[in-house]
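*Asks:* Okay, handing you the structure first.
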Amino acid sequence: MTVRVRFAPSPTGHPHIGNIRTVVFNWLFARHQHGQFILRIEDTDRTRYVEDAIRVITDGLRWLGMDWDEGPEVSGDYGPYVQSARTAIYREKAEELVAMGKAYRCDCTPERLEQVREVQRARGETPMYDGYCRNRPIGEVAPDKPHVIRLKVPRDGVTVMHDILRGDITFENRLIDDQVLLKSDGYPTYHLAVVVDDHMMGITHVMRGDDWISSEPKRLLLYAAFGWEPPIYAHVPLVLGMDGKKLGKRHGAVSIDEFRRQGYLPEAVFNFLALLGWSPGAGEEQEIFTREELIARFDITRINLAPAVFSYDKLNWMNGAYIRALSREELLERLIPFWADAGMIPPDVPVELLPTLKLLVPLVQERLKTLRDVVELTDFIFTDIATPPVEKLIGNQMTAEQSLEAIRRVQALLAEAPHFEATALEMPLRQLAAELGLKAGQLFSIVRNVVTGKEVSPPLFGSIEALGREKTLKRLERAEEALVGYITSQQGK
RNA sequence: GCCCUCAUCGUCUAGCCAGGUCUAGGACACAGGCCUUUCAAGCCUGGUACAUGGGUUCGAAUCCCGUUGAGGGCACCA
């Protein structure tokens, strides 16, 4: 039997990273089993439909490197793969159930239903349909008047769901509602559409969030009504935020495109997600896995059952590890859009700028947690900086006069340096520090502040080289002026 | 309220199914140290966990039951 799994999102917004984790499991399972991964759009709720959502979903999947064998944009033998294009099928199936006496028409108003539920809640009962239309004679609810079709759920007995991760889960039928299958607008509910589609599309395994467990007996009863074999179930735990609540917007980035914009590498996100609630086990201590390794090792039965908290700390570490493993050429290529987005370089990089960028890459590579960090780390190269306040120009345990002397000597040295390169600059500057009776750190800290405007920066000599002689000297000159001004004002007192 | 699920360091987890090799292993984070022009990266060291009560057993993180806690569900939403 060929494994066929699906991801069936509804286009109601940006896909949530917790859901995407479940997609990763589905995709890895399909690829491991040499099966098929199907993308199906569940757009039966036209009130929540969001225009661009399908494209956002497909872009997100592609960004993470997850391809689909059937679905929008690739077609397949079981289409259409968008539920709004399949409404005739659902209507037909719902009518079949009515004809078989396994479902019935209901024209109760929303107001009456709410009233019924109100009373039930007041009595502490589980709110559910009271079965008013279930017992009316067939034909009393006119087929051509607005109505819904409900499933006639058995009033006794139990429904058992077998889950390959959790074993058998038993539900009492008397607690299961007479579920609406077809809404009054002619669209199917999720329950009908998913059962019909999973059956007709030959889905073999349904892997999804465990928030679906409670409602699965409704669908199992539907399978039974149709006389169809249900798929194999695997309910995976939810992803939570640091506060233990279901992951949501207030926890930070939650949609794929946010992670992309924040400078996370898709391969890092994929790796991280695969390990969120799953592990290869067997004493394995490796954490960084290639896509191929994950496919080869993925074992659905090793999915953890406890909900997992999404740790940005660990993702940041992993993203940094992936960044460090990139070749310089590749990192440069990935960095360019982030520099461009920040307005530091034009999106079409002029050739004369390339040498500078190439110089910067090794300087920042092991300092980046995300690609976007490069902006903050290198902005002093692309934008003019304000001359730092005087106290930053005076070295540790040094006088203003000593610092001024140091700056002047550095100026002279850099103005005359035959090779304006990091490696050629380091020794002379160290010698200068010794000549001035300073520790290297004392001198470099002044220069760092002058040149980068920061206490903390990428390696100093590389930064100086990348900035270039002209700009470096200019900043030194301005610092010199500032110090002179300060010393004069002090003397005046 | 009713129903369902889950429970190992702060977090992700290994170990649990086939009880002893677990004075519970790894990773992230944290603390200290080394390296070092800052910050990183790297290396070394450290602290922190089997929710709780009862069984079963010579022996339980591992099996069973209760309790507690957490999460989810109870729509003409998916």
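Labels used: A, B, ... for chains in the order of the structure tokens, numbers from 1 for residues in each chain, and numbers from 1 for ligands as shown.
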What residues in chain B have any atom no more than 12 Å from chain A when counting only C-alpha atoms (C1' of nucleotides), and can you write them as JSON, numbers by chain?
*Replies:* {"B": [1, 2, 3, 4, 5, 6, 7, 8, 10, 11, 12, 13, 14, 15, 17, 25, 26, 27, 28, 29, 30, 36, 37, 38, 39, 40, 41, 42, 70, 71, 72, 73, 74, 75, 76, 77, 78]}
*Asks:* Apply DSSP to the backbone of this structure and, from segment 137-221 of chain A, keep only the residues in helix (DSSP H, G or I); write these as a PyMOL selection string.
*Replies:* chain A and resi 173-175+190-200+210-212+216-221
*Asks:* When distances are computed from only C-alpha atoms, which of A:Lys102, A:Glu140, A:Pro146, A:Pro230 shows the smallest separation from His162 of chain A?
*Replies:*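 Closest to His162 of chain A of all the choices is A:Pro230.
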*Asks:* Just list the residues in segment 25-247 of chain A DSSP gives strand (DSSP E) on the backbone, as an MDAnalysis selection string.
*Replies:* chainID A and resid 36:39 103:106 148:151 158:163 167:172 180:182 205:209 232:236 239:240
*Asks:* Which is closest to Gly343 of chain A among A:Ala274, A:Leu413, A:Ile394, A:Val375, if we use only C-alpha atoms?
*Replies:*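 Between A:Ala274, A:Leu413, A:Ile394, A:Val375, the residue approaching Gly343 of chain A most closely is A:Val375.
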*Asks:* If we count only C-alpha atoms (C1' of nucleotides), what is near C63 of chain B at a cut-off of 12 Å, once residues fewer than 2 positions away on the same chain are taken out, given as a PyMOL selection string?
*Replies:* chain B and resi 16-19+55-57+60-61+65
*Asks:* Mind writing the picked residues with C-alpha atoms (C1' of nucleotides) as a compact mmCIF listing (two decimals), in the first residue's frame?
*Replies:*
# COMPACT_ATOMS: atom_id res chain seq x y z
C1' C B 16 9.57 3.71 29.50
C1' C B 17 6.59 -0.70 25.22
C1' A B 18 10.43 -6.03 26.35
C1' G B 19 11.39 -3.31 35.24
C1' G B 55 -0.05 -0.71 44.90
C1' U B 56 2.64 -5.07 41.97
C1' U B 57 7.81 -6.79 42.52
C1' A B 60 9.98 0.90 39.32
C1' A B 61 11.60 6.91 35.86
C1' C B 65 -4.91 2.55 40.27
